[in-house]
>>> print(open('entry37.cif').read())   # mmCIF, C-alpha atoms and all ligand atoms
data_data
loop_
_atom_site.label_atom_id
_atom_site.label_comp_id
_atom_site.auth_asym_id
_atom_site.auth_seq_id
_atom_site.Cartn_x
_atom_site.Cartn_y
_atom_site.Cartn_z
CA MET A 725 -7.30 21.56 -18.58
CA LYS A 726 -10.76 21.16 -17.12
CA ASN A 727 -12.14 17.64 -16.61
CA THR A 728 -14.85 18.24 -19.15
CA ASP A 729 -12.30 19.01 -21.89
CA ASN A 730 -10.99 15.48 -22.05
CA PRO A 731 -13.51 12.78 -23.00
CA ILE A 732 -11.21 9.96 -21.84
CA LEU A 733 -10.89 11.53 -18.39
CA VAL A 734 -14.65 12.12 -18.25
CA GLU A 735 -15.31 8.47 -19.09
CA TYR A 736 -12.71 7.31 -16.56
CA LEU A 737 -14.34 9.38 -13.81
CA ARG A 738 -17.76 8.03 -14.73
CA LEU A 739 -16.58 4.39 -14.67
CA PHE A 740 -14.68 4.96 -11.42
CA GLU A 741 -17.98 5.87 -9.72
CA ASP A 742 -19.15 2.30 -10.39
CA LEU A 743 -16.18 0.98 -8.43
CA LEU A 744 -16.92 3.33 -5.56
CA SER A 745 -20.49 2.11 -5.30
CA ALA A 746 -19.56 -1.59 -5.44
CA GLY A 747 -18.65 -3.59 -2.33
CA VAL A 748 -14.93 -3.61 -1.58
CA TYR A 749 -14.70 -7.43 -1.42
CA SER A 750 -18.17 -8.58 -2.40
CA LEU A 751 -17.89 -9.18 -6.15
CA GLU A 752 -16.70 -12.44 -7.63
CA GLN A 753 -13.66 -12.12 -9.88
CA ASP A 754 -15.51 -12.12 -13.23
CA LYS A 755 -18.01 -9.49 -12.07
CA LYS A 756 -15.23 -7.43 -10.52
CA GLU A 757 -13.18 -7.54 -13.72
CA ALA A 758 -16.21 -6.37 -15.69
CA LEU A 759 -16.08 -3.15 -13.63
CA LEU A 760 -12.33 -2.78 -13.12
CA LEU A 761 -11.00 -3.56 -16.61
CA PRO A 762 -12.83 -0.66 -18.35
CA VAL A 763 -11.40 1.73 -15.73
CA LEU A 764 -7.88 0.42 -16.30
CA ASN A 765 -8.33 0.64 -20.08
CA GLN A 766 -9.39 4.29 -19.75
CA LEU A 767 -6.29 4.99 -17.66
CA HIS A 768 -4.16 3.28 -20.30
CA GLN A 769 -5.69 5.52 -22.97
CA LEU A 770 -5.44 8.62 -20.79
CA HIS A 771 -1.74 8.15 -20.05
CA GLN A 772 -0.99 7.40 -23.70
CA LEU A 773 -2.60 10.71 -24.58
CA GLN A 774 -0.96 12.76 -21.86
CA ASN A 775 2.42 11.16 -21.28
CA ASP A 776 5.04 10.81 -24.03
CA GLU A 777 7.24 8.40 -22.11
CA TYR A 778 4.32 6.11 -21.33
CA ARG A 779 3.17 6.20 -24.95
CA ASN A 780 6.65 5.24 -26.15
CA ILE A 781 7.02 2.42 -23.65
CA VAL A 782 3.66 0.81 -24.39
CA LYS A 783 3.37 1.56 -28.09
CA GLN A 784 2.82 -2.10 -29.05
CA HIS A 785 -0.23 -2.09 -26.77
CA SER A 786 -2.29 0.79 -28.04
CA ALA A 787 -5.65 -1.00 -28.07
CA ASP A 788 -7.85 -1.80 -25.09
CA ALA A 789 -7.10 -5.01 -23.24
CA LYS A 790 -9.73 -7.77 -23.21
CA ARG A 791 -8.43 -9.23 -19.95
CA ILE A 792 -6.65 -7.61 -17.02
CA GLU A 793 -3.61 -9.80 -17.74
CA GLU A 794 -3.29 -8.23 -21.22
CA LEU A 795 -2.75 -4.70 -19.94
CA PRO A 796 0.80 -3.46 -20.44
CA TYR A 797 2.78 -2.77 -17.26
CA LEU A 798 5.72 -0.60 -16.30
CA ALA A 799 8.62 -1.87 -14.21
CA VAL A 800 8.25 -0.06 -10.92
CA ARG A 801 11.89 1.09 -10.96
CA LEU A 802 11.17 3.26 -14.01
CA PHE A 803 9.72 5.79 -11.57
CA LYS A 804 13.23 6.26 -10.20
CA HIS A 805 14.73 7.04 -13.56
CA LEU A 806 12.02 8.92 -15.41
CA ASN A 807 9.80 11.81 -14.43
CA LEU A 808 6.58 10.03 -15.19
CA LYS A 809 3.79 12.52 -14.98
CA SER A 810 0.63 12.86 -17.04
CA ILE A 811 -0.27 16.39 -15.95
CA ASN A 812 1.09 19.89 -16.49
CA GLU A 813 3.63 21.24 -14.04
CA LYS A 814 1.11 23.74 -12.68
CA GLU A 815 -1.36 20.96 -11.92
CA VAL A 816 1.12 19.23 -9.58
CA PHE A 817 -0.44 19.37 -6.14
CA LYS A 818 2.25 17.42 -4.32
CA THR A 819 5.03 14.98 -5.02
CA LEU A 820 5.64 11.81 -3.09
CA GLN A 821 9.12 10.34 -2.61
CA SER A 822 9.13 6.58 -2.34
CA SER A 823 12.53 6.48 -0.64
CA GLY A 824 14.19 8.84 1.77
CA THR A 825 17.79 7.65 2.00
CA THR A 826 20.71 8.99 0.02
CA SER A 827 22.00 5.53 -0.94
CA GLN A 828 19.03 4.85 -3.15
CA THR A 829 17.49 6.78 -5.95
CA PRO A 830 14.07 7.89 -4.78
CA ALA A 831 11.10 7.54 -7.07
CA THR A 832 9.04 10.67 -7.50
CA ILE A 833 5.29 10.34 -7.84
CA TYR A 834 3.38 13.35 -9.13
CA LEU A 835 -0.07 13.91 -7.71
CA ASN A 836 -2.73 16.36 -8.73
CA LYS A 837 -5.54 17.23 -6.35
CA GLN A 838 -7.93 14.72 -7.87
CA THR A 839 -5.59 11.74 -7.65
CA SER A 840 -4.56 12.66 -4.13
CA ALA A 841 -8.20 12.96 -3.02
CA ARG A 842 -9.06 9.67 -4.73
CA GLN A 843 -6.19 7.94 -2.90
CA SER A 844 -7.39 9.15 0.50
CA LYS A 845 -11.00 8.26 -0.21
CA VAL A 846 -10.19 4.73 -1.37
CA LEU A 847 -7.75 4.05 1.46
CA VAL A 848 -10.51 4.93 3.91
CA LYS A 849 -13.06 2.78 2.11
CA ILE A 850 -10.76 -0.25 2.07
CA LEU A 851 -9.46 0.02 5.63
CA GLN A 852 -12.92 0.64 7.06
CA GLN A 853 -13.68 -2.97 6.13
CA THR A 854 -11.07 -4.04 8.69
CA ILE A 855 -11.03 -1.24 11.26
CA GLY A 856 -14.66 -0.14 11.21
CA LYS A 857 -16.05 3.35 10.87
CA GLN A 858 -15.46 4.62 14.37
CA ARG A 859 -12.43 6.80 15.03
CA LEU A 860 -10.35 5.02 17.65
CA PRO A 861 -7.68 6.35 20.01
CA MET A 862 -4.51 5.82 18.00
CA LEU A 863 -0.98 4.85 18.96
CA ILE A 864 1.48 5.49 16.14
CA ILE A 865 4.69 3.49 16.28
CA ASP A 866 6.88 6.25 14.92
CA SER A 867 8.43 9.53 15.93
CA PRO A 868 6.41 12.74 15.56
CA ASP A 869 9.47 14.15 13.75
CA ILE A 870 8.64 12.10 10.66
CA LEU A 871 5.95 14.59 9.67
CA LYS A 872 8.27 17.56 10.11
CA LYS A 873 10.79 16.55 7.46
CA PRO A 874 10.70 18.72 4.37
CA GLU A 875 10.42 15.88 1.87
CA PHE A 876 7.09 14.13 2.03
CA SER A 877 8.09 10.51 2.41
CA ALA A 878 5.99 7.42 1.85
CA ARG A 879 6.24 6.79 5.58
CA ALA A 880 4.80 10.20 6.39
CA ALA A 881 2.11 9.68 3.75
CA GLY A 882 1.20 6.34 5.29
CA ILE A 883 0.86 7.85 8.76
CA GLN A 884 -1.17 10.74 7.45
CA GLY A 885 -3.44 8.35 5.55
CA LEU A 886 -4.05 6.16 8.58
CA ALA A 887 -4.40 9.09 10.99
CA PHE A 888 -7.89 9.58 9.58
CA PHE A 889 -9.00 6.45 11.45
CA GLY A 890 -7.72 7.69 14.78
CA ARG A 891 -8.17 10.30 17.42
CA ASP A 892 -5.92 11.36 20.28
CA HIS A 893 -2.97 10.53 18.01
CA THR A 894 -0.11 9.45 20.25
CA TYR A 895 3.43 8.89 19.00
CA ALA A 896 5.12 5.96 20.72
CA LEU A 897 8.71 6.80 19.77
CA ASP A 898 10.93 9.76 20.56
CA GLU A 899 13.18 11.61 18.11
CA ASN A 900 15.87 8.93 18.55
CA MET A 901 13.41 6.19 17.61
CA GLN A 902 13.38 4.93 21.18
CA PRO A 903 10.12 3.94 22.87
CA ASN A 904 8.70 6.81 24.88
CA TRP A 905 7.65 4.58 27.78
CA PRO A 906 5.79 7.18 29.88
CA VAL A 907 3.70 8.15 26.85
CA ILE A 908 3.01 4.53 25.90
CA GLU A 909 2.07 3.56 29.44
CA ALA A 910 -0.23 6.56 29.86
CA PHE A 911 -1.98 5.66 26.59
CA CYS A 912 -2.48 2.04 27.69
CA GLN A 913 -3.84 3.09 31.07
CA LYS A 914 -6.25 5.60 29.59
CA TYR A 915 -7.65 3.24 26.96
CA ALA A 916 -7.21 -0.19 28.55
CA GLU A 917 -10.91 -1.00 28.39
CA GLN A 918 -11.77 0.10 24.88
CA PRO A 919 -10.82 -0.56 21.26
CA VAL A 920 -7.71 1.28 20.12
CA LEU A 921 -5.85 1.46 16.83
CA ILE A 922 -2.10 0.90 16.64
CA PHE A 923 -0.33 1.67 13.39
CA GLY A 924 3.25 1.48 12.24
CA PHE A 925 5.57 0.14 9.59
CA THR A 926 6.20 -3.56 9.97
CA PHE A 927 9.87 -3.61 10.93
CA MET A 928 9.52 -0.55 13.15
CA VAL A 929 6.62 -2.12 15.04
CA TRP A 930 8.74 -5.21 15.46
CA LEU A 931 12.04 -3.58 16.47
CA TYR A 932 10.99 -0.47 18.35
CA PHE A 933 7.79 -1.74 19.95
CA ILE A 934 7.45 -5.52 20.24
CA LYS A 935 11.18 -6.33 20.62
CA ALA A 936 11.73 -3.24 22.75
CA LEU A 937 9.04 -4.43 25.15
CA GLN A 938 10.55 -7.91 25.21
CA ASN A 939 14.13 -6.68 25.68
CA ASN A 940 13.07 -4.45 28.57
CA GLY A 941 11.07 -7.22 30.21
CA LYS A 942 7.93 -5.12 29.84
CA THR A 943 4.41 -6.04 28.85
CA ILE A 944 1.47 -3.78 28.17
CA SER A 945 -2.20 -4.63 27.98
CA LEU A 946 -4.26 -3.56 24.98
CA PRO A 947 -6.61 -6.54 24.60
CA ASN A 948 -9.03 -4.54 22.48
CA GLY A 949 -6.32 -3.17 20.21
CA ILE A 950 -6.18 -3.53 16.44
CA LEU A 951 -2.69 -3.38 14.95
CA ILE A 952 -2.42 -2.38 11.30
CA HIS A 953 1.06 -2.56 9.86
CA SER A 954 2.61 -2.24 6.45
CA GLY A 955 5.95 -2.09 4.70
CA GLY A 956 8.37 -4.75 3.63
CA TRP A 957 9.16 -7.95 5.47
CA LYS A 958 12.72 -7.94 4.14
CA LYS A 959 14.38 -6.85 7.37
CA LEU A 960 12.28 -9.27 9.38
CA VAL A 961 12.98 -12.17 7.05
CA GLU A 962 16.69 -11.48 7.62
CA GLN A 963 16.02 -11.88 11.34
CA GLN A 964 13.91 -14.97 10.62
CA VAL A 965 10.71 -13.37 11.82
CA ASP A 966 7.67 -14.57 9.91
CA ASN A 967 4.05 -13.45 10.22
CA VAL A 968 3.21 -16.19 12.76
CA THR A 969 6.15 -15.27 15.02
CA PHE A 970 5.25 -11.61 14.68
CA LYS A 971 1.67 -12.23 15.78
CA GLN A 972 2.59 -14.56 18.63
CA THR A 973 5.17 -12.18 20.07
CA LEU A 974 2.75 -9.28 19.68
CA MET A 975 0.12 -11.22 21.62
CA ALA A 976 2.59 -12.12 24.37
CA THR A 977 3.89 -8.58 24.87
CA THR A 978 0.73 -6.50 24.33
CA GLY A 979 -2.32 -8.77 24.44
CA ILE A 980 -3.24 -7.63 20.92
CA SER A 981 -4.86 -10.44 18.95
CA LYS A 982 -6.15 -8.46 15.99
CA CYS A 983 -3.18 -7.84 13.73
CA PHE A 984 -3.43 -7.11 10.03
CA ASN A 985 -0.64 -6.51 7.56
CA PHE A 986 -1.28 -4.67 4.34
CA TYR A 987 0.68 -4.68 1.12
CA GLY A 988 0.85 -1.67 -1.13
CA MET A 989 3.28 0.27 -3.26
CA ALA A 990 4.32 3.86 -2.64
CA GLU A 991 3.61 4.17 -6.36
CA GLN A 992 0.00 3.12 -5.75
CA VAL A 993 -0.93 4.84 -2.50
CA GLY A 994 -4.55 4.18 -1.55
CA SER A 995 -5.25 0.87 -3.26
CA VAL A 996 -3.88 -1.46 -0.63
CA PHE A 997 -4.13 -5.22 -0.21
CA VAL A 998 -5.16 -6.01 3.37
CA GLU A 999 -4.69 -9.26 5.24
CA CYS A 1000 -7.90 -11.06 6.25
CA SER A 1001 -8.71 -13.18 9.29
CA GLN A 1002 -7.25 -16.18 7.44
CA GLY A 1003 -3.90 -14.43 6.94
CA HIS A 1004 -4.36 -13.85 3.19
CA LEU A 1005 -3.87 -10.58 1.31
CA HIS A 1006 -7.00 -9.65 -0.64
CA ALA A 1007 -7.37 -7.58 -3.80
CA PRO A 1008 -10.11 -4.96 -3.27
CA ILE A 1009 -12.48 -3.81 -6.01
CA PHE A 1010 -10.08 -0.94 -6.84
CA ALA A 1011 -7.06 -3.12 -7.50
CA ASP A 1012 -5.87 -6.48 -8.70
CA VAL A 1013 -2.82 -8.65 -8.75
CA VAL A 1014 -1.23 -10.86 -11.40
CA ILE A 1015 1.66 -13.21 -10.64
CA ARG A 1016 4.21 -13.62 -13.45
CA ASP A 1017 7.04 -16.03 -14.08
CA PRO A 1018 10.25 -14.03 -13.38
CA PHE A 1019 11.93 -15.35 -16.55
CA THR A 1020 9.17 -15.52 -19.16
CA LEU A 1021 6.82 -12.93 -17.57
CA LYS A 1022 3.91 -15.22 -18.48
CA GLU A 1023 1.15 -15.60 -15.89
CA SER A 1024 2.09 -18.08 -13.20
CA ALA A 1025 -0.29 -20.87 -12.25
CA MET A 1026 -2.03 -20.68 -8.90
CA GLY A 1027 0.36 -21.76 -6.16
CA GLU A 1028 3.50 -20.91 -8.17
CA THR A 1029 5.78 -18.17 -6.91
CA GLY A 1030 6.44 -15.34 -9.34
CA LEU A 1031 6.82 -11.59 -9.73
CA VAL A 1032 3.91 -9.54 -8.46
CA GLN A 1033 2.17 -7.20 -10.88
CA VAL A 1034 -0.19 -4.75 -9.18
CA LEU A 1035 -3.03 -2.88 -10.85
CA SER A 1036 -4.76 0.15 -9.42
CA ALA A 1037 -7.77 2.12 -10.62
CA LEU A 1038 -6.57 5.30 -8.87
CA PRO A 1039 -3.71 7.15 -10.57
CA SER A 1040 -4.75 9.58 -13.27
CA SER A 1041 -1.87 12.06 -12.71
CA TYR A 1042 0.92 9.53 -13.33
CA PRO A 1043 0.98 6.20 -15.20
CA GLY A 1044 1.05 3.93 -12.15
CA HIS A 1045 -2.09 1.89 -12.82
CA SER A 1046 -0.21 -1.25 -13.89
CA LEU A 1047 3.19 -1.96 -12.35
CA LEU A 1048 5.52 -4.91 -12.28
CA THR A 1049 7.07 -4.93 -8.81
CA GLU A 1050 10.30 -6.57 -7.67
CA ASP A 1051 8.39 -8.54 -5.05
CA LEU A 1052 7.77 -12.27 -5.25
CA GLY A 1053 4.34 -13.58 -4.45
CA VAL A 1054 1.98 -16.46 -4.93
CA LEU A 1055 -1.70 -16.54 -5.85
CA LYS A 1056 -3.53 -18.60 -3.21
CA GLY A 1057 -7.03 -18.63 -4.62
CA VAL A 1058 -9.94 -16.79 -6.22
CA ASP A 1059 -13.41 -16.18 -4.72
CA ASP A 1060 -13.12 -18.97 -2.13
CA CYS A 1061 -11.26 -17.62 0.91
CA LEU A 1062 -12.79 -18.86 4.16
CA CYS A 1063 -13.07 -15.25 5.38
CA GLY A 1064 -15.86 -14.72 2.83
CA ALA A 1065 -14.18 -12.04 0.72
CA LYS A 1066 -14.43 -12.56 -3.04
CA GLY A 1067 -11.78 -12.03 -5.69
CA LYS A 1068 -8.11 -12.98 -5.69
CA TYR A 1069 -6.08 -13.60 -2.56
CA PHE A 1070 -2.34 -14.03 -2.37
CA ALA A 1071 0.80 -13.98 -0.25
CA ILE A 1072 4.09 -12.11 -0.57
CA LYS A 1073 7.15 -14.37 -0.53
CA GLY A 1074 9.97 -11.84 -0.45
CA ARG A 1075 11.89 -9.90 -3.02
CA LEU A 1076 13.58 -10.75 -6.25
CA PRO A 1077 17.23 -11.38 -5.32
CA LYS A 1078 19.94 -8.98 -6.49
CA THR A 1079 17.68 -6.08 -7.22
CA GLU A 1080 18.12 -2.60 -5.93
CA VAL A 1081 16.51 -2.41 -2.55
CA ARG A 1082 13.41 -0.29 -2.66
CA GLY A 1083 12.71 2.25 0.00
CA CYS A 1084 9.55 3.06 1.88
CA SER A 1085 9.50 2.14 5.52
CA ASP A 1086 12.55 -0.02 4.86
CA THR A 1087 14.66 3.07 4.56
CA HIS A 1088 14.96 4.01 8.18
CA SER A 1089 18.74 3.71 8.31
CA GLU A 1090 19.17 2.67 11.91
CA ALA A 1091 16.96 -0.35 11.59
CA SER A 1092 19.75 -2.73 10.74
CA SER A 1093 21.83 -1.73 13.76
ZN ZN B 1 -9.62 -14.02 3.25
#
>>> encode(input="entry37.cif", output="structure tokens", more="lines below")
Ligand SMILES: [Zn+2]
Amino acid sequence: MKNTDNPILVEYLRLFEDLLSAGVYSLEQDKKEALLLPVLNQLHQLHQLQNDEYRNIVKQHSADAKRIEELPYLAVRLFKHLNLKSINEKEVFKTLQSSGTTSQTPATIYLNKQTSARQSKVLVKILQQTIGKQRLPMLIIDSPDILKKPEFSARAAGIQGLAFFGRDHTYALDENMQPNWPVIEAFCQKYAEQPVLIFGFTFMVWLYFIKALQNNGKTISLPNGILIHSGGWKKLVEQQVDNVTFKQTLMATTGISKCFNFYGMAEQVGSVFVECSQGHLHAPIFADVVIRDPFTLKESAMGETGLVQVLSALPSSYPGHSLLTEDLGVLKGVDDCLCGAKGKYFAIKGRLPKTEVRGCSDTHSEASS
């Protein structure tokens, strides 16, 4: 089907342009919602039209929502059990597996070319706010083998997405996930005096880079480095490593003072929530967050911990625009963060106990050893 054949898709694409031309963090919540809600309503209509499962699940919510909180949401684990796609088989451009281990059921996300391109474009737009527009020499805390695996994992997708911001891409780990010290040291020597980008998944950066340096009595010097990391904190919480400890140990072993975590779902690649200078995760213009009481699913008050619902303006090939995650979080404020960014800001507090552990970067099986 051509874009022009479907009036809902045409309207969605038109409204999405308004988001692209707005500032990523510059609109206050009410002005942001005035742009974002119509996009999310179009996606809701589009997926009802093109996806039988979605239509059946949300059938009590056929009308447009008046507030973001009124939009129906899917439990994120549904993507593990159903083939949720809103496009024809021949339109599938690539599939993304949210989990790579055999012990867990992976979720499969179906992307057409348009959604995939939109994800890349938005990821760049959001991360440029933090990293800047210049392509920096890039140290990737992973093994180059990750990109060679046949299944396209969320980890590989993350690296590929971030690689856009870098040049001279250098992999810090060998095929056994051990630090490749000669490579790391050569990188640090070559770029000691200039800004560099370091990227990896949170627990891998911690275990195979920061802790590895510490355990080997090594330090490196990248005082102009920016570390961007993502993925769950679950493994680090088990080792009692919080964000403050992470940053302090990073500073002590590498001299890196700019360290930003981002939160995002494999089911919503592209629309990520990036940590600001105040340590808060911010919702960009393309996404939003609602915290819900785990028992009643009603909206939680500010400051109350609840389940995190994430909304994204991006997915038109699968119904992933409104998802209830299994993560616990807390809304910290709206429009008034000291960093100057507008909209909602929040923190992640862990995961709902006794749920199936979700994959992503958390699936590297040797991490617990
Ligand atoms: Zn902030």
>>> closest_atom_pairs(input="entry37.cif", of="chain A", to="ligand ZN 1 (chain B)", cutoff="9 Å", atoms="only C-alpha atoms and all ligand atoms", output="tab-separated table")
residue	atom	partner	partner_atom	distance
A:Glu999	CA	B:ZN1	ZN	7.1
A:Cys1000	CA	B:ZN1	ZN	4.6
A:Ser1001	CA	B:ZN1	ZN	6.2
A:Gln1002	CA	B:ZN1	ZN	5.3
A:Gly1003	CA	B:ZN1	ZN	6.8
A:His1004	CA	B:ZN1	ZN	5.3
A:Leu1005	CA	B:ZN1	ZN	7.0
A:His1006	CA	B:ZN1	ZN	6.4
A:Asp1060	CA	B:ZN1	ZN	8.1
A:Cys1061	CA	B:ZN1	ZN	4.6
A:Leu1062	CA	B:ZN1	ZN	5.9
A:Cys1063	CA	B:ZN1	ZN	4.2
A:Gly1064	CA	B:ZN1	ZN	6.3
A:Ala1065	CA	B:ZN1	ZN	5.6
A:Lys1066	CA	B:ZN1	ZN	8.1
A:Tyr1069	CA	B:ZN1	ZN	6.8
>>> closest_residue(input="entry37.cif", among="A:Ser867, A:Gln938, A:Gln918, A:Gln1033", to="A:Thr894", atoms="only C-alpha atoms")
A:Ser867
>>> residues_near_point(input="entry37.cif", point="(-1.2, 4.7, 22.1)", cutoff="6 Å", atoms="all atoms listed in the file", output="CSV table (one decimal) with C-alpha atoms, in the frame of the given file")
chain,number,residue,atom,x,y,z
A,862,MET,CA,-4.5,5.8,18.0
A,863,LEU,CA,-1.0,4.8,19.0
A,894,THR,CA,-0.1,9.4,20.2
A,908,ILE,CA,3.0,4.5,25.9
A,911,PHE,CA,-2.0,5.7,26.6
>>> closest_residue(input="entry37.cif", among="A:Leu743, A:Ala799, A:Leu808, A:Ala880", to="A:Arg779", atoms="all atoms listed in the file")
A:Leu808
>>> closest_residue(input="entry37.cif", among="A:Gln769, A:Ser877, A:Gly1074, A:Leu860", to="A:Asp892", atoms="only C-alpha atoms")
A:Leu860
>>> closest_residue(input="entry37.cif", among="A:Thr926, A:Thr854, A:Asn765, A:Ser844", to="A:Ala887", atoms="all atoms listed in the file")
A:Ser844
>>> closest_residue(input="entry37.cif", among="A:Ser981, A:Asn780, A:Thr1049, A:Ser1041", to="A:Thr819", atoms="only C-alpha atoms")
A:Ser1041
